[in-house]
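Chemist: File my_file.txt below, compact mmCIF, C-alpha atoms:
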# COMPACT_ATOMS: atom_id res chain seq x y z
CA MET A 609 -2.89 -17.70 5.64
CA GLU A 610 -6.25 -16.15 6.43
CA ILE A 611 -6.77 -12.42 5.96
CA VAL A 612 -8.69 -11.20 9.00
CA LYS A 613 -9.14 -7.52 8.15
CA THR A 614 -8.96 -5.37 5.02
CA ASP A 615 -9.40 -1.61 4.63
CA GLU A 616 -9.07 0.74 1.69
CA VAL A 617 -6.95 3.85 2.19
CA ARG A 618 -7.13 6.87 -0.11
CA LEU A 619 -3.67 8.28 -0.78
CA PRO A 620 -2.92 11.74 -2.21
CA TYR A 621 -2.19 11.93 -5.96
CA LEU A 622 -3.18 8.29 -6.65
CA HIS A 623 -6.25 7.14 -8.60
CA HIS A 624 -6.59 3.79 -6.83
CA PRO A 625 -6.92 3.33 -3.05
CA ALA A 626 -4.28 1.35 -1.22
CA VAL A 627 -5.26 -1.85 0.55
CA TRP A 628 -4.29 -2.20 4.22
CA ALA A 629 -4.74 -5.75 5.49
CA THR A 630 -4.04 -7.71 8.65
CA LEU A 631 -3.21 -11.40 8.34
CA ALA A 632 -4.21 -14.05 10.87
CA SER A 633 -0.55 -14.20 11.94
CA GLY A 634 -0.72 -10.54 12.99
CA GLN A 635 1.43 -9.27 10.14
CA GLN A 636 0.13 -6.14 8.44
CA VAL A 637 0.32 -5.65 4.68
CA VAL A 638 -0.12 -2.47 2.65
CA VAL A 639 -0.35 -2.66 -1.14
CA VAL A 640 -0.23 0.52 -3.20
CA ARG A 641 -1.13 0.24 -6.88
CA LYS A 642 1.13 2.51 -8.91
CA PRO A 643 1.47 2.24 -12.71
CA GLY A 644 4.95 1.49 -14.00
CA ASP A 645 7.46 -1.30 -14.42
CA VAL A 646 9.08 -0.96 -10.97
CA VAL A 647 8.06 -2.71 -7.76
CA HIS A 648 9.26 -1.78 -4.29
CA LEU A 649 9.05 -4.29 -1.39
CA HIS A 650 9.54 -2.89 2.09
CA THR A 651 9.22 -4.49 5.51
CA VAL A 652 9.36 -2.50 8.73
CA VAL A 653 10.20 -4.44 11.88
CA TYR A 654 9.26 -2.55 15.03
CA VAL A 655 12.58 -2.89 16.80
CA GLY A 656 15.43 -0.42 17.03
CA SER A 657 17.96 0.87 19.50
CA VAL A 658 15.17 2.10 21.80
CA GLU A 659 14.44 -1.53 22.74
CA GLU A 660 18.05 -2.17 23.72
CA THR A 661 19.81 -1.89 27.06
CA ALA A 662 23.35 -0.65 27.61
CA GLU A 663 24.50 -4.29 27.74
CA ILE A 664 23.29 -4.97 24.17
CA SER A 665 23.67 -1.48 22.69
CA GLY A 666 23.91 -1.79 18.90
CA ILE A 667 22.47 -5.29 18.61
CA SER A 668 19.58 -4.19 16.35
CA HIS A 669 22.00 -2.71 13.81
CA PHE A 670 24.39 -5.68 14.11
CA LEU A 671 21.46 -8.04 13.46
CA GLU A 672 20.49 -6.03 10.36
CA HIS A 673 23.96 -6.80 8.93
CA LEU A 674 23.64 -10.49 9.79
CA MET A 675 20.20 -10.92 8.23
CA PHE A 676 21.83 -11.10 4.79
CA LYS A 677 24.11 -13.98 5.78
CA GLY A 678 21.94 -16.79 4.48
CA THR A 679 19.03 -19.11 5.17
CA ALA A 680 18.59 -22.86 4.78
CA ARG A 681 17.42 -22.26 1.19
CA PHE A 682 19.79 -19.49 0.12
CA PRO A 683 23.45 -19.23 1.18
CA ALA A 684 25.12 -15.97 2.20
CA GLY A 685 25.37 -13.61 -0.76
CA ALA A 686 22.58 -15.24 -2.78
CA PHE A 687 19.99 -12.60 -1.82
CA ASP A 688 22.04 -9.73 -3.25
CA ARG A 689 23.36 -11.72 -6.20
CA LEU A 690 19.98 -12.96 -7.43
CA LEU A 691 18.18 -9.62 -7.11
CA GLU A 692 21.00 -7.40 -8.35
CA GLY A 693 21.29 -9.82 -11.27
CA VAL A 694 17.85 -8.71 -12.48
CA GLY A 695 18.49 -5.01 -11.89
CA GLY A 696 17.32 -4.81 -8.29
CA ARG A 697 18.61 -2.55 -5.52
CA VAL A 698 18.75 -4.13 -2.07
CA ASN A 699 19.35 -2.37 1.23
CA ALA A 700 18.35 -2.08 4.88
CA SER A 701 18.66 0.41 7.72
CA THR A 702 18.31 0.61 11.48
CA SER A 703 17.09 3.60 13.45
CA LYS A 704 16.11 4.30 17.03
CA ASP A 705 12.55 3.00 16.51
CA ILE A 706 12.71 0.39 13.71
CA THR A 707 14.75 -1.82 11.42
CA GLN A 708 13.65 -1.91 7.78
CA TYR A 709 14.52 -4.01 4.72
CA PHE A 710 13.73 -3.04 1.15
CA VAL A 711 14.13 -4.04 -2.48
CA THR A 712 13.44 -1.99 -5.62
CA LEU A 713 13.44 -3.91 -8.91
CA PRO A 714 11.73 -4.36 -12.28
CA LYS A 715 8.49 -6.29 -12.00
CA GLY A 716 9.36 -8.59 -14.90
CA GLY A 717 7.21 -9.26 -17.95
CA ALA A 718 4.93 -11.69 -16.11
CA GLY A 719 5.79 -10.50 -12.60
CA GLU A 720 8.55 -13.11 -12.23
CA TYR A 721 11.13 -10.72 -10.72
CA TYR A 722 8.62 -9.43 -8.20
CA HIS A 723 7.73 -13.00 -7.14
CA LEU A 724 11.43 -13.88 -6.84
CA ALA A 725 12.03 -10.82 -4.66
CA LEU A 726 9.03 -11.54 -2.45
CA ASP A 727 10.19 -15.14 -1.94
CA LEU A 728 13.72 -14.07 -1.01
CA HIS A 729 12.53 -11.18 1.15
CA ALA A 730 10.16 -13.37 3.18
CA ASP A 731 12.66 -16.20 3.53
CA MET A 732 15.33 -13.85 4.87
CA LEU A 733 13.01 -12.24 7.43
CA MET A 734 11.55 -15.54 8.67
CA GLU A 735 14.44 -17.98 8.37
CA ALA A 736 17.73 -16.13 8.88
CA LEU A 737 20.41 -18.58 10.07
CA LEU A 738 22.76 -16.03 11.68
CA PRO A 739 25.64 -18.50 11.34
CA GLU A 740 28.50 -18.45 13.83
CA GLU A 741 31.11 -18.31 11.05
CA GLU A 742 29.59 -15.08 9.70
CA ILE A 743 29.24 -13.44 13.12
CA GLY A 744 32.80 -14.25 14.12
CA PRO A 745 34.29 -15.06 17.54
CA SER A 746 34.32 -12.53 20.36
CA PHE A 747 37.49 -10.47 20.71
CA ASP A 748 39.04 -7.50 22.49
CA PRO A 749 38.18 -4.47 20.31
CA SER A 750 41.54 -2.84 21.12
CA THR A 751 43.29 -5.73 19.33
CA GLU A 752 43.16 -7.24 15.84
CA PRO A 753 40.68 -10.15 15.69
CA SER A 754 41.83 -13.58 14.60
CA GLU A 755 38.93 -13.78 12.12
CA LYS A 756 37.73 -10.69 10.23
CA ARG A 757 34.01 -11.36 10.24
CA GLU A 758 30.93 -9.16 10.60
CA ARG A 759 31.83 -8.06 14.13
CA LEU A 760 34.85 -6.27 12.69
CA VAL A 761 32.81 -4.70 9.85
CA VAL A 762 30.46 -3.05 12.35
CA ILE A 763 33.31 -1.97 14.65
CA GLU A 764 35.09 -0.30 11.73
CA GLU A 765 31.82 1.54 11.02
CA ILE A 766 31.76 2.69 14.65
CA LYS A 767 35.34 3.96 14.34
CA MET A 768 34.51 5.94 11.20
CA GLY A 769 31.70 7.66 13.08
CA LYS A 770 34.20 8.84 15.70
CA ASP A 771 35.96 10.83 12.96
CA ASN A 772 32.76 12.53 11.76
CA PRO A 773 32.33 15.93 13.48
CA TRP A 774 28.64 16.27 12.72
CA ARG A 775 27.96 12.79 14.07
CA GLN A 776 29.80 13.65 17.27
CA VAL A 777 27.73 16.83 17.65
CA ILE A 778 24.44 14.94 17.18
CA THR A 779 25.49 12.11 19.53
CA ASN A 780 26.34 14.55 22.30
CA LEU A 781 23.22 16.61 21.66
CA GLY A 782 21.15 13.44 22.04
CA GLU A 783 22.76 12.73 25.40
CA LEU A 784 21.87 16.24 26.59
CA LEU A 785 18.29 16.14 25.25
CA TYR A 786 17.59 12.69 26.71
CA PRO A 787 19.07 12.27 30.20
CA THR A 788 17.11 9.04 30.81
CA HIS A 789 15.29 7.92 27.63
CA PRO A 790 17.17 5.29 25.54
CA TYR A 791 17.07 7.70 22.59
CA ARG A 792 20.26 9.04 24.19
CA ARG A 793 22.23 6.06 22.88
CA GLU A 794 23.68 5.80 19.38
CA VAL A 795 21.96 3.32 17.06
CA ILE A 796 25.28 1.80 16.01
CA GLY A 797 26.19 0.90 19.60
CA THR A 798 29.64 0.48 21.08
CA ALA A 799 32.67 -1.48 19.97
CA GLU A 800 32.84 -3.20 23.36
CA VAL A 801 29.34 -4.65 23.00
CA ILE A 802 29.67 -5.63 19.33
CA ALA A 803 33.00 -7.37 19.96
CA ALA A 804 31.62 -9.43 22.83
CA VAL A 805 27.87 -10.01 22.41
CA PRO A 806 27.32 -13.80 22.19
CA ALA A 807 25.84 -15.29 19.02
CA ASP A 808 23.10 -16.94 21.10
CA THR A 809 22.07 -13.52 22.44
CA ILE A 810 21.77 -12.20 18.89
CA ARG A 811 19.67 -15.18 17.82
CA ALA A 812 17.39 -14.85 20.85
CA TYR A 813 16.91 -11.15 20.06
CA TYR A 814 16.01 -12.03 16.45
CA HIS A 815 13.47 -14.69 17.44
CA HIS A 816 11.88 -12.41 20.03
CA TRP A 817 11.38 -9.31 17.86
CA TYR A 818 11.05 -10.65 14.30
CA GLN A 819 7.50 -11.84 14.82
CA PRO A 820 4.61 -11.28 12.35
CA GLY A 821 2.67 -9.04 14.71
CA ASN A 822 5.74 -6.81 14.98
CA MET A 823 6.10 -6.02 11.28
CA VAL A 824 4.35 -4.39 8.35
CA THR A 825 5.14 -5.19 4.70
CA ILE A 826 4.51 -2.48 2.11
CA ILE A 827 4.46 -3.28 -1.62
CA THR A 828 4.14 -0.56 -4.24
CA GLY A 829 3.87 -1.20 -7.97
CA ASP A 830 1.53 -2.07 -10.82
CA LEU A 831 0.05 -5.06 -9.01
CA PRO A 832 -3.55 -6.04 -8.17
CA PRO A 833 -3.85 -5.20 -4.45
CA GLU A 834 -6.08 -8.05 -3.25
CA GLU A 835 -4.03 -10.68 -5.08
CA THR A 836 -0.80 -9.16 -3.81
CA VAL A 837 -2.04 -9.36 -0.21
CA ARG A 838 -2.70 -13.06 -0.82
CA ASP A 839 0.83 -13.37 -2.28
CA VAL A 840 2.26 -12.02 0.95
CA ALA A 841 0.03 -14.28 3.04
CA ARG A 842 1.21 -17.35 1.08
CA THR A 843 4.88 -16.38 1.09
CA PHE A 844 5.27 -15.25 4.71
CA ARG A 845 4.40 -18.61 6.25
CA PHE A 846 4.21 -17.34 9.83
CA ALA A 847 2.22 -19.22 12.41
CA PRO A 848 -0.02 -16.95 14.50
CA ALA A 849 2.01 -15.45 17.34
CA GLU A 850 1.46 -12.77 19.91
CA ALA A 851 3.34 -9.59 19.12
CA PRO A 852 6.18 -8.90 21.56
CA ALA A 853 5.50 -6.28 24.21
CA HIS A 854 7.39 -3.02 23.78
CA PRO A 855 8.80 -1.26 26.82
CA GLU A 856 7.41 2.15 27.66
CA PHE A 857 9.65 4.96 28.82
CA PRO A 858 8.70 8.10 30.74
CA PRO A 859 9.34 11.15 28.56
CA ASP A 860 12.28 13.42 29.31
CA GLU A 861 11.31 17.00 30.04
CA PRO A 862 13.08 20.04 28.54
CA PRO A 863 15.88 21.29 30.81
CA VAL A 864 14.99 24.03 33.30
CA ALA A 865 18.15 25.86 32.19
CA GLN A 866 20.24 25.57 29.04
CA ARG A 867 22.55 22.55 28.95
CA LEU A 868 25.91 23.16 27.25
CA ARG A 869 28.68 20.77 26.22
CA ARG A 870 32.00 21.84 24.68
CA LEU A 871 34.02 19.35 22.63
CA THR A 872 37.32 19.39 20.77
CA MET A 873 38.60 17.56 17.69
CA PRO A 874 41.46 18.27 15.27
CA LEU A 875 39.41 20.53 12.97
CA ASN A 876 39.77 23.60 10.79
CA VAL A 877 36.23 24.87 11.46
CA GLY A 878 33.80 24.90 14.36
CA TYR A 879 30.32 23.40 14.78
CA VAL A 880 27.50 24.83 16.86
CA ALA A 881 24.13 23.13 17.43
CA LEU A 882 21.10 24.09 19.53
CA GLY A 883 18.57 21.32 20.17
CA PHE A 884 14.99 21.62 21.38
CA LEU A 885 12.84 18.78 22.67
CA GLY A 886 9.55 18.44 20.78
CA PRO A 887 6.34 16.41 21.13
CA PRO A 888 5.87 12.70 20.37
CA ALA A 889 4.79 11.60 16.90
CA ARG A 890 1.19 11.06 17.95
CA ASN A 891 0.84 14.85 18.33
CA LEU A 892 0.72 15.05 14.55
CA ARG A 893 -0.51 18.62 14.27
CA ALA A 894 2.35 19.94 16.41
CA ILE A 895 4.84 17.77 14.49
CA ILE A 896 3.73 19.23 11.15
CA GLY A 897 3.76 22.72 12.64
CA LEU A 898 7.38 22.22 13.70
CA ASP A 899 8.16 21.02 10.17
CA VAL A 900 6.92 24.42 8.97
CA LEU A 901 8.83 26.34 11.65
CA SER A 902 12.06 24.50 10.83
CA LEU A 903 11.70 25.28 7.14
CA ILE A 904 11.05 28.97 7.82
CA LEU A 905 13.89 29.13 10.32
CA GLY A 906 16.71 27.39 8.50
CA GLU A 907 15.95 25.08 5.59
CA GLY A 908 17.10 26.51 2.27
CA LEU A 909 18.97 29.54 1.01
CA SER A 910 15.99 31.86 1.56
CA SER A 911 15.42 30.80 5.19
CA ARG A 912 15.80 33.27 8.04
CA ILE A 913 19.01 31.78 9.44
CA HIS A 914 20.77 31.51 6.10
CA GLN A 915 19.79 34.98 4.98
CA ARG A 916 20.44 36.75 8.27
CA LEU A 917 23.51 34.87 9.52
CA VAL A 918 25.30 33.75 6.36
CA GLU A 919 24.32 36.33 3.75
CA GLN A 920 23.61 39.56 5.64
CA LEU A 921 25.45 39.56 8.99
CA PRO A 922 28.49 41.88 8.83
CA ASN A 923 31.77 40.01 9.39
CA THR A 924 29.75 36.84 9.82
CA PRO A 925 31.38 33.92 11.63
CA PHE A 926 29.11 31.52 9.72
CA ILE A 927 30.27 29.42 6.79
CA ASP A 928 26.90 27.65 6.68
CA ALA A 929 23.83 27.58 8.89
CA GLY A 930 20.41 25.96 8.95
CA SER A 931 17.93 23.86 10.88
CA THR A 932 16.26 20.47 10.73
CA HIS A 933 13.36 18.72 12.42
CA TRP A 934 13.63 15.02 13.29
CA THR A 935 10.61 13.05 14.46
CA LEU A 936 10.85 9.90 16.55
CA ARG A 937 8.02 7.81 17.96
CA ASP A 938 8.31 9.10 21.53
CA SER A 939 9.71 12.55 20.81
CA SER A 940 11.00 15.00 18.21
CA ASN A 941 13.91 17.44 17.97
CA LEU A 942 14.28 20.76 16.22
CA ILE A 943 17.98 21.52 15.73
CA ALA A 944 19.49 24.84 14.62
CA TYR A 945 23.14 24.57 13.59
CA GLY A 946 26.07 26.43 12.13
CA ILE A 947 29.49 25.66 10.66
CA VAL A 948 31.61 28.59 11.78
CA ARG A 949 35.05 30.10 12.17
CA PRO A 950 36.80 28.17 14.95
CA ASP A 951 37.48 31.36 16.94
CA ALA A 952 33.79 32.32 17.05
CA LEU A 953 31.92 29.41 18.64
CA SER A 954 30.36 31.36 21.50
CA GLN A 955 29.54 34.29 19.21
CA ALA A 956 27.83 31.93 16.75
CA GLN A 957 25.84 30.33 19.58
CA GLU A 958 24.57 33.78 20.60
CA HIS A 959 23.52 34.58 17.01
CA LEU A 960 21.64 31.27 16.66
CA THR A 961 19.95 31.81 20.02
CA GLU A 962 18.86 35.28 18.92
CA GLN A 963 17.25 33.89 15.75
CA ILE A 964 15.34 31.31 17.78
CA GLN A 965 14.13 34.06 20.09
CA LEU A 966 13.05 36.17 17.11
CA LEU A 967 11.00 33.26 15.80
CA ARG A 968 8.96 33.66 19.00
CA SER A 969 8.86 37.49 19.15
CA GLU A 970 8.57 37.95 15.35
CA PRO A 971 6.43 34.94 14.43
CA PRO A 972 6.07 33.72 10.83
CA THR A 973 4.14 36.01 8.52
CA GLU A 974 1.39 34.88 6.18
CA ALA A 975 3.89 35.14 3.31
CA GLU A 976 6.45 32.95 5.13
CA LEU A 977 3.77 30.39 5.99
CA CYS A 978 2.48 30.30 2.40
CA LYS A 979 6.00 29.80 1.05
CA ALA A 980 6.76 27.03 3.57
CA VAL A 981 3.49 25.21 2.85
CA THR A 982 4.19 25.34 -0.90
CA CYS A 983 7.68 23.94 -0.38
CA LEU A 984 6.52 21.13 1.91
CA GLU A 985 3.69 20.25 -0.47
CA ALA A 986 6.24 19.99 -3.29
CA GLN A 987 8.48 17.74 -1.18
CA PHE A 988 5.47 15.58 -0.35
CA ALA A 989 4.47 15.33 -4.01
CA VAL A 990 7.97 14.25 -5.04
CA LYS A 991 7.70 11.24 -2.72
CA ALA A 992 4.61 10.09 -4.61
CA GLU A 993 6.44 10.08 -7.95
CA THR A 994 8.21 6.74 -7.44
CA ALA A 995 7.34 3.36 -5.99
CA SER A 996 10.22 3.59 -3.52
CA GLY A 997 9.33 7.15 -2.48
CA LEU A 998 5.74 6.17 -1.72
CA SER A 999 6.82 3.10 0.22
CA PHE A 1000 9.32 5.02 2.33
CA ALA A 1001 6.74 7.71 3.11
CA LEU A 1002 4.25 5.08 4.27
CA ALA A 1003 6.99 3.25 6.18
CA ASP A 1004 7.73 6.49 8.04
CA SER A 1005 4.05 6.78 8.97
CA PHE A 1006 3.90 3.22 10.27
CA THR A 1007 7.16 3.73 12.14
CA LEU A 1008 5.75 6.69 14.03
CA LEU A 1009 2.03 5.88 14.30
CA GLN A 1010 1.67 2.24 13.21
CA SER A 1011 -0.91 3.43 10.67
CA PRO A 1012 -1.02 5.42 7.40
CA ALA A 1013 -2.36 8.50 9.23
CA GLY A 1014 0.95 10.35 9.21
CA TYR A 1015 0.87 10.21 5.41
CA THR A 1016 -2.83 10.62 4.68
CA GLU A 1017 -3.38 13.48 7.14
CA TYR A 1018 -0.21 15.44 6.37
CA LEU A 1019 -1.53 17.71 3.62
CA PRO A 1020 -4.88 18.56 5.27
CA ILE A 1021 -3.14 19.51 8.50
CA LEU A 1022 -0.37 21.39 6.69
CA ASN A 1023 -2.88 23.53 4.79
CA SER A 1024 -4.90 24.36 7.90
CA LEU A 1025 -2.03 25.81 9.99
CA THR A 1026 -2.13 29.50 10.85
CA PRO A 1027 0.57 32.03 11.87
CA ASP A 1028 -0.99 32.24 15.36
CA GLU A 1029 -0.70 28.49 15.76
CA LEU A 1030 2.95 28.57 14.68
CA ARG A 1031 3.62 31.32 17.21
CA ARG A 1032 2.08 29.20 19.98
CA LEU A 1033 4.20 26.20 18.94
CA ALA A 1034 7.36 28.34 18.95
CA ASP A 1035 6.46 29.62 22.43
CA GLU A 1036 5.87 26.11 23.70
CA TYR A 1037 8.79 24.23 22.20
CA LEU A 1038 11.48 26.73 21.15
CA ASN A 1039 12.37 28.55 24.34
CA PRO A 1040 16.15 29.27 24.24
CA ASP A 1041 16.29 28.90 28.03
CA HIS A 1042 15.33 25.23 27.56
CA ALA A 1043 17.80 24.46 24.78
CA CYS A 1044 20.66 21.99 24.75
CA ALA A 1045 23.82 23.25 23.05
CA VAL A 1046 26.92 21.53 21.70
CA LEU A 1047 30.00 23.48 20.61
CA LEU A 1048 32.73 21.56 18.79
CA GLY A 1049 36.00 23.21 17.81
CA PRO A 1050 39.72 22.61 17.41
Do you think you could lay out the structure here as structure tokens?
Modeler:
Amino acid sequence: MEIVKTDEVRLPYLHHPAVWATLASGQQVVVVRKPGDVVHLHTVVYVGSVEETAEISGISHFLEHLMFKGTARFPAGAFDRLLEGVGGRVNASTSKDITQYFVTLPKGGAGEYYHLALDLHADMLMEALLPEEEIGPSFDPSTEPSEKRERLVVIEEIKMGKDNPWRQVITNLGELLYPTHPYRREVIGTAEVIAAVPADTIRAYYHHWYQPGNMVTIITGDLPPEETVRDVARTFRFAPAEAPAHPEFPPDEPPVAQRLRRLTMPLNVGYVALGFLGPPARNLRAIIGLDVLSLILGEGLSSRIHQRLVEQLPNTPFIDAGSTHWTLRDSSNLIAYGIVRPDALSQAQEHLTEQIQLLRSEPPTEAELCKAVTCLEAQFAVKAETASGLSFALADSFTLLQSPAGYTEYLPILNSLTPDELRRLADEYLNPDHACAVLLGP
């Protein structure tokens, strides 16, 4: 396979530049040279629940399960057995924007384990059989199926999520934040769809999205970059193909007034969450600024929310409290949350709202900004310590921007932020009047 484009990319903390190549098939390859005996192989396929409709909700995640069910060369179970037999760790995940497959394993004295993994990895992604006997026949999800195949495995996973309070809070918050965008749907889908979706529909979905121009393969380890790119080109025997077109969705706007949803479950505590709609991933400076604001607001024992609401508030209703910032390709969310006494849900919501408001009227100080930058730099550095950490960080960047820019530009942007800029971001994105709130109690 011809290599049509090659660039070098300087990565923080590494002595050697990474190589970012595009093959004639359209597949992109990133090779990061990192000393050590471990190799990490990672392929991102640009398809997730955002590409689905209500009629096939959950098909991306279901397909991820089925990808390990064998090829013409390797029967079901061989992928895991062969790689785990040499000390490898194999896994995959599906999100709203992507599906990704990854292997971490020893390179082998002469690179033999790495070559075995690359062969298996490519074969699975290109030649998955998706056999009927592994998918299982359609059935009514309110009944016991005649054959307990992969349909049932995924449906049991869906049922477990129904018992998870935090998952129910986040699911409902997503529905409030995204009235129209497909981000409102759960990645795992619904039992009704998984029980009934035809095997031919799953196979058609696989052949449409699992195209070379719709994936990037990242390899990190003590390997010569140019030769490793050629390894990928030889092993992924894709014919040139046009990348599938991705649908575009108009962005949802923040609500003009706070949206509130109250839920009940058989619980001993209550959950409160406030969600704020943020910018798309391409607005990288604002995304990194919201990372900083989330850390100052509620990440860690010294954060504002934890100190003021858990440690210092007299007769506090809070058992725990914090915040997080999630970035998706088309949007981002900053979420402030609390686990509270079940009789104090509304009171806890008011306290969280007040702390959000104070982040706007009492913006971060130079000392808070300096502390947050130091913490985020440390988190960033930890990712660079291992082959898998580096690969996942680059995979995140490609997921959001389809380039390494989210990784290479993170530290320069982080270190250039100012308190005034953080105040402007809080004013723009963290207005309590435009929040979505979920209260879950007994």
Chemist: Using only C-alpha atoms, which of A:Val805, A:Met732, A:Val948, A:Ile826 sits nearest Phe747 (chain A)?
Modeler: A:Val805
Chemist: I'd like the contact shell of Gly821 (chain A) - 8 Å cut-off, only C-alpha atoms, skipping same-chain residues fewer than 2 positions apart - returned as a list of chain:residue names.
Modeler: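 Counting only the stated atoms, we get A:Ser633, A:Gly634, A:Gln635, A:Gln636, A:Gln819, A:Met823, A:Ala849, A:Glu850, A:Ala851, A:Pro852.
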Chemist: Nearest residue to Ile964 (chain A) out of A:Leu1038, A:Leu901, A:Val627, A:Ala1003, using only C-alpha atoms?
Modeler: A:Leu1038
Chemist: How close does region 818-913 of chain A get to region 974-992 of chain A? List, as JSON lines, each residue of region 818-913 of chain A within 7 Å, its nearest atom pair and the distance in Å to one decimal, counting only C-alpha atoms.
Modeler:
{"residue": "A:Val900", "atom": "CA", "partner": "A:Ala980", "partner_atom": "CA", "distance": 6.0}
{"residue": "A:Leu903", "atom": "CA", "partner": "A:Ala980", "partner_atom": "CA", "distance": 6.3}
{"residue": "A:Ile904", "atom": "CA", "partner": "A:Ala980", "partner_atom": "CA", "distance": 6.3}
Chemist: Next, the residues of the selection above should be written as a PDB file, in the frame of the given file with C-alpha atoms.
Modeler:
ATOM      1  CA  VAL A 900       6.920  24.420   8.970  1.00  0.00           C
ATOM      2  CA  LEU A 903      11.700  25.280   7.140  1.00  0.00           C
ATOM      3  CA  ILE A 904      11.050  28.970   7.820  1.00  0.00           C
TER       4      ILE A 904
END
Chemist: Pick out the closest residue to Leu868 (chain A) from this set: A:Ser954, A:Gly946, A:Leu921, A:Thr843. Count all atoms listed in the file.
Modeler: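 The answer is A:Ser954, which sits nearest to Leu868 (chain A).
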Chemist: Give me the residues near region 699-702 of chain A as a compact mmCIF listing (two decimals) with C-alpha atoms, in the frame of the given file, where near means some atom within 9 Å (using all atoms listed in the file) and where sequence neighbours in that chain fewer than 5 positions away do not count.
Modeler:
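Printed below is result.txt as written:
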# COMPACT_ATOMS: atom_id res chain seq x y z
CA VAL A 655 12.58 -2.89 16.80
CA GLY A 656 15.43 -0.42 17.03
CA SER A 657 17.96 0.87 19.50
CA SER A 668 19.58 -4.19 16.35
CA HIS A 669 22.00 -2.71 13.81
CA GLU A 672 20.49 -6.03 10.36
CA HIS A 673 23.96 -6.80 8.93
CA THR A 707 14.75 -1.82 11.42
CA GLN A 708 13.65 -1.91 7.78
CA TYR A 709 14.52 -4.01 4.72
CA PHE A 710 13.73 -3.04 1.15
CA VAL A 711 14.13 -4.04 -2.48
CA VAL A 795 21.96 3.32 17.06
CA ILE A 796 25.28 1.80 16.01
Chemist: For the point (27.0, 29.4, 8.6) in file coordinates, what residues are within 8 Å, counting all atoms listed in the file? Give the answer as an mmCIF file with C-alpha atoms, in the frame of the given file?
Modeler:
data_model
loop_
_atom_site.group_PDB
_atom_site.id
_atom_site.type_symbol
_atom_site.label_atom_id
_atom_site.label_comp_id
_atom_site.auth_asym_id
_atom_site.auth_seq_id
_atom_site.Cartn_x
_atom_site.Cartn_y
_atom_site.Cartn_z
ATOM 1 C CA HIS A 914 20.770 31.510 6.100
ATOM 2 C CA LEU A 917 23.510 34.870 9.520
ATOM 3 C CA VAL A 918 25.300 33.750 6.360
ATOM 4 C CA PRO A 925 31.380 33.920 11.630
ATOM 5 C CA PHE A 926 29.110 31.520 9.720
ATOM 6 C CA ILE A 927 30.270 29.420 6.790
ATOM 7 C CA ASP A 928 26.900 27.650 6.680
ATOM 8 C CA ALA A 929 23.830 27.580 8.890
ATOM 9 C CA GLY A 930 20.410 25.960 8.950
ATOM 10 C CA TYR A 945 23.140 24.570 13.590
ATOM 11 C CA GLY A 946 26.070 26.430 12.130
ATOM 12 C CA ILE A 947 29.490 25.660 10.660
ATOM 13 C CA VAL A 948 31.610 28.590 11.780
#
Chemist: In Å, how far is it from CA of Thr751 (chain A) to CA of Lys770 (chain A)?
Modeler: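 Going from CA of Thr751 (chain A) over to CA of Lys770 (chain A) covers 17.6 Å.
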Chemist: Find the residue from A:Val637, A:Ile802, A:Leu998, A:Val777 that sits nearest to Arg757 (chain A); use only C-alpha atoms when measuring.
Modeler: A:Ile802
Chemist: Which distance in Å separates CA of Arg697 (chain A) and CA of Ala807 (chain A), to one decimal?
Modeler: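 About the pair CA of Arg697 (chain A) and CA of Ala807 (chain A): they are 28.6 Å apart.
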Chemist: Centre and edge lengths of an axis-aligned box around all listed atoms of region 719-727 of chain A, with 4 Å added on each side, are to be given in Å to one decimal, as JSON.
Modeler:
{"center_x": 8.9, "center_y": -12.3, "center_z": -7.3, "size_x": 14.2, "size_y": 13.7, "size_z": 18.7}
Chemist: Restricting the calculation to only C-alpha atoms: of A:Glu663, A:Glu856, A:Asp727, A:Glu735, which residue gets closest to Met675 (chain A)?
Modeler: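 Among the listed residues, the smallest separation from Met675 (chain A) belongs to A:Glu735.
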Chemist: Residues within 12 Å of Asn772 (chain A), please, as a PyMOL selection string. Count all atoms listed in the file; anything in the same chain fewer than 3 positions from it doesn't count.
Modeler: chain A and resi 765-769+775-779+873-875+879+1048
Chemist: Could you write out that same residue set with C-alpha atoms as a PDB file, keeping the file's coordinate frame?
Modeler:
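Full text of selection-v9.pdb as output:
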ATOM      1  CA  GLU A 765      31.820   1.540  11.020  1.00  0.00           C
ATOM      2  CA  ILE A 766      31.760   2.690  14.650  1.00  0.00           C
ATOM      3  CA  LYS A 767      35.340   3.960  14.340  1.00  0.00           C
ATOM      4  CA  MET A 768      34.510   5.940  11.200  1.00  0.00           C
ATOM      5  CA  GLY A 769      31.700   7.660  13.080  1.00  0.00           C
ATOM      6  CA  ARG A 775      27.960  12.790  14.070  1.00  0.00           C
ATOM      7  CA  GLN A 776      29.800  13.650  17.270  1.00  0.00           C
ATOM      8  CA  VAL A 777      27.730  16.830  17.650  1.00  0.00           C
ATOM      9  CA  ILE A 778      24.440  14.940  17.180  1.00  0.00           C
ATOM     10  CA  THR A 779      25.490  12.110  19.530  1.00  0.00           C
ATOM     11  CA  MET A 873      38.600  17.560  17.690  1.00  0.00           C
ATOM     12  CA  PRO A 874      41.460  18.270  15.270  1.00  0.00           C
ATOM     13  CA  LEU A 875      39.410  20.530  12.970  1.00  0.00           C
ATOM     14  CA  TYR A 879      30.320  23.400  14.780  1.00  0.00           C
ATOM     15  CA  LEU A1048      32.730  21.560  18.790  1.00  0.00           C
TER      16      LEU A1048
END
